[in-house]
Protein chains: 2
Amino acid sequence: MRSGLRALSEIPRFDEEADVVVVGLGCAGAAAAIESARTGARTLVLERASGGGGTSALSGGVLYLGGGTALQRACGFEDTPEDMFAYLMASVGDSPDEAKTRLYCEGSVAHYDWLVAQGVPFKPTFYHGISGEPPTDDGLVWSGSERCRPFCEIARPAPRGHVPQHPHQTGHVLMRFLVESTRASGARVETDARVVALVLDGGGAVVGVVASRFGAERSVRARGGVILTTGGFIYAEDMLRRHVPRALRCSMRVGAEGDDGSGIRLGMAAGAATLHLDKASISLPVTQPWGLKRGVLVNAQGQRFVNEDAYYGRLGEAALFHQDGRVWLVVDDEVFEEPDYVKRVAAVGETPAELERELGLPDGSLTATLAVYNRHAKQGEDPLFGKQTEYLKPLERAPFGAIDCTTEKAIYAAFTLGGLATDPDGRVLDPEGATIPGLFAAGRATSGLSVGGYSSGLSLGDGTFFGRRAGGAAAHAK
Amino acid sequence: MRSGLRALSEIPRFDEEADVVVVGLGCAGAAAAIESARTGARTLVLERASGGGGTSALSGGVLYLGGGTALQRACGFEDTPEDMFAYLMASVGDSPDEAKTRLYCEGSVAHYDWLVAQGVPFKPTFYHGISGEPPTDDGLVWSGSERCRPFCEIARPAPRGHVPQHPHQTGHVLMRFLVESTRASGARVETDARVVALVLDGGGAVVGVVASRFGAERSVRARGGVILTTGGFIYAEDMLRRHVPRALRCSMRVGAEGDDGSGIRLGMAAGAATLHLDKASISLPVTQPWGLKRGVLVNAQGQRFVNEDAYYGRLGEAALFHQDGRVWLVVDDEVFEEPDYVKRVAAVGETPAELERELGLPDGSLTATLAVYNRHAKQGEDPLFGKQTEYLKPLERAPFGAIDCTTEKAIYAAFTLGGLATDPDGRVLDPEGATIPGLFAAGRATSGLSVGGYSSGLSLGDGTFFGRRAGGAAAHAK
């Protein structure tokens, strides 16, 4: 059969048998295994690395949760599933999965409690001052564009970044507890085991896997189902070139070598449809510290193109996909401070006209942009993009500077968002929308909540949430 | 087996046998059938409509050809395969298929001669004054952005729109000759025959089809291969919603009901990879007559975003995918003339400021844009986007007007560009890049030359060119 597939008829007798086989032990795999084993299903996790954790363990650790979680309430924030739903539907891209998004928002409070029950610690304190990953051990943080236009007019804002307790980059904390919980659940974890093929019966159903361990292949029957939780494809050059070539221009790839799309391709070989392979999350962390949001981002025509107070993922997406990665953050002497992540000043000038010349922008372009911006900023208004009043200040005090935010010089941090098409229970779908019997998937091997627009924590969030659902559904099918 | 597939083991005996089965009789199917039958292969064409022609017959009929065709030379234009290649590689999108593009450019002169040999008439006269489909019976026309920046600096421009002789909308002329040539080649054409499944052998190779005709199914063995030439999916609501939802906002769908993605889904069911399902050609024919290119297109921030002299497909793509379809063409009294296709004037003003207010644009935004534009236009320059000098004129004579180019009011003509992944011989590829034995495809059921940026004639061009190659390859495999 084709690469990645094995016919049942070729396998006289399985070497091993389980109810549920989970492929990969990142956050989605752990959540799937825990929920599967919890029902009594014999659950086997096959992880190709020598230990669990995957890309999740290398991540910032933020989980996008809300609707009034215990943590939000402890920090004094109100939130509702409806506001969370409205924000996500408006912000995650052109074609969000409404059913998944609704389930996620309605189940978010309970999902937070589930994480706590697995032992994951969250300190009930709020950190103000940065999007995404706080440099402290605080538990709650803004992690999206909730307070920015147009979203603040669509849904009541609330911080929804839930961060396991640890100073900075807490993905390993999350995964330590989830891997421990996986083992405690009764699931059996086998590392150094790479799944090289799915076993199909004559009707096209997935009935097992072939795994390779130190060069020796063995077959495992999966009575209930196989769950692919193998991550995205930010480390698959060929797939990037074909589907989202602009990601190749990003200076930072958020992921690990396991994010090579192998699980996505296994699913495709079995007839799965894919969704949004062309979409990526692109972070451009140029407005940290937040005072830099008072600058203006301009493109190669000297024009603004986004409200600078937006989440850095939104800035990156706008800069890379709509402005070809040719953008600069223009500041004056009052606004300037040392950026946390983007170090290069592209040009300095005593006047906007001089800065414009130094940057090689069209004569009069940046000057006109700043004149319009300043005039409105004095009134506390930004009629072009609606930046929040607290970041509106006329840029008038010389010298003027431009922080280099081009793809050549700035951090663009990318990971892929597209993957296998699944229903809300993680069942993998074929191009006609029918389920492929026996095949499940979750996490970044699938198309999840974000289909182009990102907020920090959506991947760990949907990976664990829909991983749990897939685990339950596969166990039920045994 | 899954929808769209039938196992060979379920078919005790094929009802019929052919060397090559071509699915669909548009331009790609006809070209494939002609080349297959020409080699002596028993060739069967199955077309689900009651006659041949498909979407190709409803099209404008332009074929994008060049490199120094007989028609180009007769009209006094020089061109080389290298210039054509450089233009295409720069203009067709982020991730062009270099191998296909090179073959196409190197084979374009001979492909034109082949079309002539099939009887397709081309009048050796050049029409100046419109992109795409001339209102005359002239044979050669500009059909892309060759003379516009940045392309004119990348490759020497030449008109490459080759148009079968007939006043306007000549796709039916092309298809009349190609269908006649198909029948003359010895291929057997069966209409009202819808292919409902591909037949797979135990190794995953495609060995035939199941076709339905007036409710009765029958199986056809294909010894050499099955060639899917079933068109795109602009009439598949669900696929558009999933992959390219913005196309749903376009007022015009370029295609026929056969463009429902069914052939793409058949291929996917057999394990094919897809490419660029998120990409569409979007035409915004607002600068016809061409004098209107002297206007400026502005977005909801009152900013220019493209050189207005670009091909209408480039304007549409920029407007829909990067400006959310909220754009207006601003003209003054000297530039204004009745547009051919976009009729609604959104606002009029005695001054730019009044026009800006009437349009609801931010105070000062359009005024600043026009001031910068006019200052440079007086020098014959457009440092923002490099519009050609002949279309540069300061917009100063009152009254000023804005032609409505929003998705709500203007023509946006859309068709899909993504489809099955194929090699240059039309062999369908799986996610690992391996061929699926016995399965071929061409035309808009595949990802072809354009992977996001369009010039008129690329679809009929690559459909016929790679259709021929697929036909030859499938016949050779018998």
# chains A, B, ... in the order shown; residues from 1 in each chain; ligands from 1
>>> select_by_dssp(residues="region 15-138 of chain A", states="helix (DSSP H, G or I)", output="compact mmCIF listing (two decimals) with all heavy atoms, in the first residue's frame")
# COMPACT_ATOMS: atom_id res chain seq x y z
N CYS A 27 0.66 17.91 24.90
CA CYS A 27 -0.50 18.20 25.75
C CYS A 27 -1.75 17.48 25.26
O CYS A 27 -2.55 17.00 26.06
CB CYS A 27 -0.72 19.71 25.87
SG CYS A 27 -1.46 20.50 24.44
N ALA A 28 -1.93 17.39 23.94
CA ALA A 28 -3.14 16.73 23.42
C ALA A 28 -3.09 15.23 23.68
O ALA A 28 -4.10 14.62 24.04
CB ALA A 28 -3.29 17.02 21.94
N GLY A 29 -1.92 14.64 23.49
CA GLY A 29 -1.78 13.21 23.72
C GLY A 29 -2.00 12.85 25.18
O GLY A 29 -2.67 11.86 25.50
N ALA A 30 -1.43 13.66 26.07
CA ALA A 30 -1.62 13.39 27.49
C ALA A 30 -3.09 13.49 27.87
O ALA A 30 -3.63 12.61 28.55
CB ALA A 30 -0.79 14.38 28.32
N ALA A 31 -3.75 14.55 27.41
CA ALA A 31 -5.16 14.72 27.75
C ALA A 31 -6.00 13.58 27.21
O ALA A 31 -6.90 13.07 27.88
CB ALA A 31 -5.66 16.07 27.21
N ALA A 32 -5.69 13.16 25.97
CA ALA A 32 -6.42 12.05 25.37
C ALA A 32 -6.21 10.77 26.16
O ALA A 32 -7.15 10.02 26.44
CB ALA A 32 -5.98 11.86 23.92
N ALA A 33 -4.97 10.51 26.52
CA ALA A 33 -4.65 9.27 27.24
C ALA A 33 -5.32 9.24 28.61
O ALA A 33 -5.87 8.22 29.03
CB ALA A 33 -3.13 9.14 27.37
N ILE A 34 -5.27 10.36 29.31
CA ILE A 34 -5.87 10.42 30.65
C ILE A 34 -7.36 10.10 30.57
O ILE A 34 -7.89 9.27 31.32
CB ILE A 34 -5.64 11.81 31.28
CG1 ILE A 34 -4.14 12.03 31.57
CG2 ILE A 34 -6.47 11.98 32.55
CD1 ILE A 34 -3.77 13.49 31.88
N GLU A 35 -8.05 10.74 29.62
CA GLU A 35 -9.49 10.54 29.54
C GLU A 35 -9.84 9.15 29.04
O GLU A 35 -10.86 8.58 29.44
CB GLU A 35 -10.11 11.59 28.62
CG GLU A 35 -10.11 12.98 29.22
CD GLU A 35 -10.99 13.13 30.45
OE1 GLU A 35 -10.48 12.85 31.56
OE2 GLU A 35 -12.16 13.51 30.31
N SER A 36 -9.02 8.61 28.17
CA SER A 36 -9.27 7.26 27.69
C SER A 36 -9.07 6.25 28.81
O SER A 36 -9.94 5.41 29.08
CB SER A 36 -8.31 6.96 26.52
OG SER A 36 -8.33 5.59 26.21
N ALA A 37 -7.93 6.35 29.49
CA ALA A 37 -7.61 5.39 30.55
C ALA A 37 -8.60 5.49 31.71
O ALA A 37 -8.95 4.49 32.34
CB ALA A 37 -6.18 5.61 31.04
N ARG A 38 -9.05 6.69 31.96
CA ARG A 38 -9.98 6.94 33.06
C ARG A 38 -11.26 6.10 32.93
O ARG A 38 -11.89 5.72 33.91
CB ARG A 38 -10.35 8.43 33.06
CG ARG A 38 -10.90 8.99 34.34
CD ARG A 38 -11.28 10.45 34.14
NE ARG A 38 -12.16 10.65 32.98
CZ ARG A 38 -13.47 10.44 32.98
NH1 ARG A 38 -14.09 10.05 34.06
NH2 ARG A 38 -14.18 10.64 31.88
N GLY A 54 6.89 16.92 24.38
CA GLY A 54 6.73 17.47 23.04
C GLY A 54 6.92 18.97 23.00
O GLY A 54 7.58 19.57 23.87
N THR A 55 6.36 19.58 21.99
CA THR A 55 6.46 21.03 21.82
C THR A 55 5.76 21.75 22.97
O THR A 55 6.16 22.84 23.37
CB THR A 55 5.86 21.42 20.47
OG1 THR A 55 6.70 20.89 19.44
CG2 THR A 55 5.78 22.93 20.30
N SER A 56 4.73 21.13 23.53
CA SER A 56 4.01 21.76 24.64
C SER A 56 4.95 22.11 25.78
O SER A 56 4.82 23.17 26.42
CB SER A 56 2.91 20.83 25.16
OG SER A 56 2.05 20.42 24.13
N ALA A 57 5.92 21.23 26.03
CA ALA A 57 6.84 21.45 27.15
C ALA A 57 7.81 22.59 26.88
O ALA A 57 8.36 23.18 27.80
CB ALA A 57 7.61 20.17 27.46
N LEU A 58 7.99 22.91 25.60
CA LEU A 58 8.90 24.00 25.23
C LEU A 58 8.17 25.33 25.12
O LEU A 58 8.79 26.36 24.89
CB LEU A 58 9.56 23.68 23.88
CG LEU A 58 10.33 22.38 23.82
CD1 LEU A 58 10.78 22.10 22.39
CD2 LEU A 58 11.54 22.44 24.75
N ALA A 70 -12.39 29.73 37.83
CA ALA A 70 -12.07 30.02 39.23
C ALA A 70 -10.90 30.99 39.32
O ALA A 70 -10.86 31.87 40.19
CB ALA A 70 -11.73 28.72 39.96
N LEU A 71 -9.95 30.87 38.40
CA LEU A 71 -8.80 31.76 38.42
C LEU A 71 -9.20 33.19 38.05
O LEU A 71 -8.76 34.16 38.68
CB LEU A 71 -7.72 31.25 37.45
CG LEU A 71 -6.40 32.02 37.43
CD1 LEU A 71 -5.68 31.93 38.77
CD2 LEU A 71 -5.50 31.51 36.31
N GLN A 72 -10.01 33.33 37.03
CA GLN A 72 -10.49 34.68 36.67
C GLN A 72 -11.23 35.31 37.84
O GLN A 72 -11.00 36.48 38.18
CB GLN A 72 -11.42 34.62 35.44
CG GLN A 72 -10.72 34.33 34.12
CD GLN A 72 -11.70 34.25 32.96
OE1 GLN A 72 -12.70 33.53 33.04
NE2 GLN A 72 -11.42 34.98 31.89
N ARG A 73 -12.08 34.53 38.49
CA ARG A 73 -12.86 35.07 39.61
C ARG A 73 -11.94 35.44 40.78
O ARG A 73 -12.08 36.49 41.38
CB ARG A 73 -13.95 34.08 40.02
CG ARG A 73 -15.14 34.10 39.04
CD ARG A 73 -16.26 33.16 39.45
NE ARG A 73 -15.97 31.78 39.08
CZ ARG A 73 -15.83 30.77 39.93
NH1 ARG A 73 -15.99 30.98 41.23
NH2 ARG A 73 -15.55 29.55 39.50
N ALA A 74 -10.96 34.58 41.04
CA ALA A 74 -10.04 34.86 42.15
C ALA A 74 -9.25 36.15 41.90
O ALA A 74 -8.87 36.85 42.84
CB ALA A 74 -9.08 33.69 42.32
N PRO A 81 -19.15 32.73 29.06
CA PRO A 81 -18.91 31.94 27.85
C PRO A 81 -19.34 32.70 26.59
O PRO A 81 -18.71 32.56 25.54
CB PRO A 81 -19.77 30.69 28.06
CG PRO A 81 -19.90 30.57 29.55
CD PRO A 81 -19.94 31.99 30.06
N GLU A 82 -20.37 33.52 26.70
CA GLU A 82 -20.87 34.25 25.54
C GLU A 82 -19.85 35.29 25.07
O GLU A 82 -19.63 35.46 23.86
CB GLU A 82 -22.21 34.94 25.86
CG GLU A 82 -23.38 33.99 26.09
CD GLU A 82 -23.28 33.20 27.39
OE1 GLU A 82 -22.70 33.71 28.38
OE2 GLU A 82 -23.77 32.04 27.43
N ASP A 83 -19.25 36.02 26.03
CA ASP A 83 -18.24 37.00 25.63
C ASP A 83 -17.01 36.32 25.03
O ASP A 83 -16.43 36.79 24.05
CB ASP A 83 -17.84 37.86 26.84
CG ASP A 83 -18.87 38.93 27.14
OD1 ASP A 83 -19.24 39.68 26.21
OD2 ASP A 83 -19.31 39.03 28.30
N MET A 84 -16.63 35.23 25.64
CA MET A 84 -15.48 34.48 25.12
C MET A 84 -15.75 33.98 23.71
O MET A 84 -14.91 34.11 22.80
CB MET A 84 -15.21 33.31 26.07
CG MET A 84 -13.98 32.48 25.72
SD MET A 84 -13.84 31.13 26.94
CE MET A 84 -12.41 30.27 26.29
N PHE A 85 -16.96 33.46 23.51
CA PHE A 85 -17.35 32.96 22.19
C PHE A 85 -17.35 34.09 21.16
O PHE A 85 -16.82 33.94 20.05
CB PHE A 85 -18.74 32.31 22.29
CG PHE A 85 -19.28 31.81 20.99
CD1 PHE A 85 -18.80 30.62 20.44
CD2 PHE A 85 -20.26 32.51 20.31
CE1 PHE A 85 -19.31 30.15 19.22
CE2 PHE A 85 -20.77 32.04 19.09
CZ PHE A 85 -20.29 30.86 18.55
N ALA A 86 -17.91 35.22 21.54
CA ALA A 86 -17.99 36.34 20.59
C ALA A 86 -16.58 36.82 20.22
O ALA A 86 -16.30 37.11 19.05
CB ALA A 86 -18.80 37.48 21.19
N TYR A 87 -15.70 36.89 21.22
CA TYR A 87 -14.33 37.31 20.93
C TYR A 87 -13.64 36.32 19.99
O TYR A 87 -13.02 36.71 18.99
CB TYR A 87 -13.51 37.44 22.22
CG TYR A 87 -12.03 37.64 21.94
CD1 TYR A 87 -11.57 38.85 21.45
CD2 TYR A 87 -11.12 36.61 22.12
CE1 TYR A 87 -10.22 39.03 21.14
CE2 TYR A 87 -9.78 36.77 21.82
CZ TYR A 87 -9.33 37.98 21.33
OH TYR A 87 -8.00 38.15 21.02
N LEU A 88 -13.75 35.04 20.30
CA LEU A 88 -13.05 34.05 19.47
C LEU A 88 -13.60 34.03 18.05
O LEU A 88 -12.83 34.03 17.08
CB LEU A 88 -13.13 32.66 20.11
CG LEU A 88 -12.28 32.47 21.37
CD1 LEU A 88 -12.50 31.08 21.95
CD2 LEU A 88 -10.79 32.69 21.08
N MET A 89 -14.90 34.03 17.90
CA MET A 89 -15.47 33.97 16.56
C MET A 89 -15.02 35.17 15.72
O MET A 89 -14.85 35.06 14.50
CB MET A 89 -17.00 33.91 16.63
CG MET A 89 -17.55 32.59 17.15
SD MET A 89 -17.16 31.14 16.11
CE MET A 89 -18.23 31.44 14.69
N ALA A 90 -14.82 36.31 16.38
CA ALA A 90 -14.42 37.51 15.64
C ALA A 90 -12.93 37.56 15.36
O ALA A 90 -12.49 38.24 14.43
CB ALA A 90 -14.84 38.75 16.42
N SER A 91 -12.13 36.85 16.16
CA SER A 91 -10.68 37.08 16.11
C SER A 91 -9.86 35.93 15.55
O SER A 91 -8.68 36.13 15.24
CB SER A 91 -10.16 37.39 17.52
OG SER A 91 -10.28 36.26 18.36
N GLU A 98 -17.54 26.88 14.30
CA GLU A 98 -18.47 27.39 15.29
C GLU A 98 -18.79 26.35 16.36
O GLU A 98 -18.85 26.67 17.56
CB GLU A 98 -19.76 27.87 14.61
CG GLU A 98 -20.68 28.57 15.57
CD GLU A 98 -21.87 29.23 14.89
OE1 GLU A 98 -21.76 29.53 13.69
OE2 GLU A 98 -22.89 29.44 15.57
N ALA A 99 -18.97 25.11 15.94
CA ALA A 99 -19.34 24.07 16.91
C ALA A 99 -18.22 23.85 17.92
O ALA A 99 -18.46 23.77 19.13
CB ALA A 99 -19.67 22.77 16.17
N LYS A 100 -16.98 23.75 17.42
CA LYS A 100 -15.87 23.57 18.35
C LYS A 100 -15.73 24.78 19.27
O LYS A 100 -15.47 24.63 20.47
CB LYS A 100 -14.56 23.39 17.57
CG LYS A 100 -14.35 22.01 16.97
CD LYS A 100 -12.96 21.92 16.33
CE LYS A 100 -12.78 20.60 15.61
NZ LYS A 100 -11.52 20.54 14.83
N THR A 101 -15.86 25.95 18.70
CA THR A 101 -15.67 27.15 19.50
C THR A 101 -16.72 27.24 20.60
O THR A 101 -16.42 27.59 21.74
CB THR A 101 -15.73 28.40 18.58
OG1 THR A 101 -14.82 28.22 17.50
CG2 THR A 101 -15.34 29.66 19.35
N ARG A 102 -17.95 26.89 20.27
CA ARG A 102 -19.01 26.96 21.27
C ARG A 102 -18.78 25.96 22.40
O ARG A 102 -18.85 26.30 23.59
CB ARG A 102 -20.38 26.74 20.61
CG ARG A 102 -21.55 27.08 21.52
CD ARG A 102 -22.88 27.01 20.80
NE ARG A 102 -23.04 28.00 19.75
CZ ARG A 102 -23.31 29.30 19.96
NH1 ARG A 102 -23.42 29.76 21.19
NH2 ARG A 102 -23.46 30.13 18.95
N LEU A 103 -18.46 24.74 22.02
CA LEU A 103 -18.16 23.72 23.04
C LEU A 103 -17.01 24.18 23.95
O LEU A 103 -17.06 24.00 25.17
CB LEU A 103 -17.75 22.41 22.37
CG LEU A 103 -18.86 21.46 21.96
CD1 LEU A 103 -18.26 20.34 21.12
CD2 LEU A 103 -19.57 20.90 23.18
N TYR A 104 -16.01 24.73 23.32
CA TYR A 104 -14.83 25.14 24.08
C TYR A 104 -15.17 26.22 25.08
O TYR A 104 -14.74 26.18 26.24
CB TYR A 104 -13.75 25.63 23.10
CG TYR A 104 -12.43 25.93 23.75
CD1 TYR A 104 -11.59 24.89 24.14
CD2 TYR A 104 -12.03 27.24 23.98
CE1 TYR A 104 -10.39 25.15 24.74
CE2 TYR A 104 -10.82 27.51 24.58
CZ TYR A 104 -9.99 26.47 24.96
OH TYR A 104 -8.79 26.73 25.57
N CYS A 105 -15.95 27.18 24.66
CA CYS A 105 -16.29 28.29 25.56
C CYS A 105 -17.21 27.80 26.68
O CYS A 105 -17.05 28.18 27.84
CB CYS A 105 -16.94 29.43 24.78
SG CYS A 105 -15.80 30.19 23.60
N GLU A 106 -18.15 26.95 26.33
CA GLU A 106 -19.08 26.46 27.34
C GLU A 106 -18.39 25.50 28.32
O GLU A 106 -18.81 25.38 29.47
CB GLU A 106 -20.28 25.77 26.67
CG GLU A 106 -21.18 26.80 25.99
CD GLU A 106 -22.29 26.15 25.16
OE1 GLU A 106 -22.28 24.91 25.02
OE2 GLU A 106 -23.14 26.91 24.66
N SER A 108 -15.13 25.67 29.18
CA SER A 108 -13.83 26.19 29.60
C SER A 108 -13.66 26.22 31.12
O SER A 108 -12.59 25.90 31.64
CB SER A 108 -13.65 27.58 28.98
OG SER A 108 -12.34 28.03 29.13
N VAL A 109 -14.70 26.61 31.83
CA VAL A 109 -14.63 26.66 33.30
C VAL A 109 -14.31 25.27 33.86
O VAL A 109 -13.42 25.09 34.70
CB VAL A 109 -15.94 27.21 33.89
CG1 VAL A 109 -16.01 26.97 35.40
CG2 VAL A 109 -16.06 28.71 33.58
N ALA A 110 -15.04 24.28 33.35
CA ALA A 110 -14.80 22.91 33.82
C ALA A 110 -13.43 22.40 33.37
O ALA A 110 -12.79 21.61 34.09
CB ALA A 110 -15.91 21.98 33.29
N HIS A 111 -13.00 22.85 32.22
CA HIS A 111 -11.69 22.38 31.74
C HIS A 111 -10.57 22.94 32.62
O HIS A 111 -9.59 22.24 32.91
CB HIS A 111 -11.49 22.80 30.28
CG HIS A 111 -10.26 22.21 29.64
ND1 HIS A 111 -10.00 20.87 29.62
CD2 HIS A 111 -9.20 22.80 29.01
CE1 HIS A 111 -8.85 20.63 29.01
NE2 HIS A 111 -8.33 21.80 28.64
N TYR A 112 -10.73 24.17 33.05
CA TYR A 112 -9.76 24.72 34.00
C TYR A 112 -9.71 23.87 35.27
O TYR A 112 -8.63 23.50 35.76
CB TYR A 112 -10.08 26.18 34.34
CG TYR A 112 -9.22 26.71 35.45
CD1 TYR A 112 -7.91 27.08 35.22
CD2 TYR A 112 -9.72 26.80 36.76
CE1 TYR A 112 -7.09 27.54 36.25
CE2 TYR A 112 -8.91 27.26 37.79
CZ TYR A 112 -7.60 27.62 37.54
OH TYR A 112 -6.80 28.07 38.55
N ASP A 113 -10.89 23.54 35.77
CA ASP A 113 -10.94 22.71 36.99
C ASP A 113 -10.28 21.35 36.75
O ASP A 113 -9.62 20.80 37.65
CB ASP A 113 -12.39 22.51 37.43
CG ASP A 113 -13.05 23.83 37.85
OD1 ASP A 113 -12.31 24.80 38.16
OD2 ASP A 113 -14.29 23.90 37.84
N TRP A 114 -10.46 20.82 35.56
CA TRP A 114 -9.82 19.54 35.22
C TRP A 114 -8.30 19.67 35.28
O TRP A 114 -7.61 18.80 35.81
CB TRP A 114 -10.29 19.09 33.84
CG TRP A 114 -9.70 17.78 33.37
CD1 TRP A 114 -10.20 16.53 33.61
CD2 TRP A 114 -8.51 17.60 32.58
NE1 TRP A 114 -9.40 15.58 33.03
CE2 TRP A 114 -8.34 16.20 32.37
CE3 TRP A 114 -7.58 18.46 32.02
CZ2 TRP A 114 -7.30 15.65 31.65
CZ3 TRP A 114 -6.53 17.93 31.30
CH2 TRP A 114 -6.38 16.55 31.11
N LEU A 115 -7.78 20.75 34.72
CA LEU A 115 -6.33 20.96 34.76
C LEU A 115 -5.84 21.03 36.20
O LEU A 115 -4.81 20.45 36.56
CB LEU A 115 -5.96 22.25 34.00
CG LEU A 115 -6.10 22.16 32.47
CD1 LEU A 115 -6.17 23.56 31.86
CD2 LEU A 115 -4.95 21.36 31.86
N VAL A 116 -6.59 21.75 37.03
CA VAL A 116 -6.22 21.84 38.44
C VAL A 116 -6.26 20.45 39.08
O VAL A 116 -5.36 20.08 39.86
CB VAL A 116 -7.16 22.82 39.18
CG1 VAL A 116 -6.93 22.75 40.69
CG2 VAL A 116 -6.95 24.24 38.66
N ALA A 117 -7.26 19.66 38.70
CA ALA A 117 -7.38 18.31 39.25
C ALA A 117 -6.22 17.42 38.82
O ALA A 117 -5.88 16.46 39.51
CB ALA A 117 -8.71 17.68 38.82
>>> residues_around(residues="region 257-269 of chain B", least_positions_apart="4", cutoff="9 Å", atoms="only C-alpha atoms", output="JSON, numbers by chain")
{"A": [268, 270, 271, 272, 273, 430, 431, 432], "B": [2, 3, 4, 5, 23, 48, 49, 54, 55, 195, 196, 197, 198, 228, 229, 230, 231, 232, 233, 234, 235, 236, 237, 239, 273, 274, 419, 420, 428, 430, 439, 441, 444, 445, 446]}
>>> atom_distance(atom1="CA of Phe14 (chain A)", atom2="CA of Val209 (chain A)")
9.4 Å
>>> residues_around(residues="Ala371 (chain A)", least_positions_apart="6", cutoff="12 Å", atoms="only C-alpha atoms", output="list of chain:residue names")
A:Val296, A:Gly302, A:Gln303, A:Thr351, A:Pro352, A:Ala353, A:Gly364, A:Ser365, A:Ala377, A:Lys378, A:Pro394, A:Leu395, A:Glu396, B:Asp363, B:Gly364, B:Ser365, B:Thr367, B:Ala368, B:Thr369
>>> atom_distance(atom1="CA of Trp328 (chain B)", atom2="CA of Asp404 (chain B)")
5.1 Å
>>> atom_distance(atom1="CA of Ala187 (chain A)", atom2="CA of Thr464 (chain A)")
16.2 Å
>>> residues_around(residues="Asp309 (chain A)", least_positions_apart="6", cutoff="9 Å", atoms="only C-alpha atoms", output="list of chain:residue names")
A:Ser145, A:Arg147, A:Cys148, A:Arg149, A:Thr287, A:Trp290, A:Leu292, A:Lys293, A:Arg294, A:Leu315, A:Lys387, A:Gln388, A:Tyr391
>>> closest_residue(among="B:Val210, B:Leu275, B:Ile227, B:Ile154", to="chain A", atoms="only C-alpha atoms")
B:Leu275
>>> residues_around(residues="Pro159 (chain A)", least_positions_apart="2", cutoff="10 Å", atoms="only C-alpha atoms", output="ChimeraX atom specification")
/A:64-66,72,75,77-79,126-128,131,140-147,157,161-162
>>> select_by_dssp(residues="region 195-424 of chain B", states="strand (DSSP E)", output="number ranges by chain")
B: 195-200, 206-213, 216-228, 252-253, 274-275, 280-283, 296-298, 328-331, 345-349, 400-404, 413-416, 419-420
>>> residues_around(residues="Phe177 (chain A)", least_positions_apart="5", cutoff="9 Å", atoms="only C-alpha atoms", output="list of chain:residue names")
A:Gln118, A:Gly119, A:Val120, A:Pro121, A:His172, A:Thr182
>>> closest_residue(among="A:Arg253, A:Arg6, A:Arg218, A:Lys409", to="chain B", atoms="only C-alpha atoms")
A:Arg6
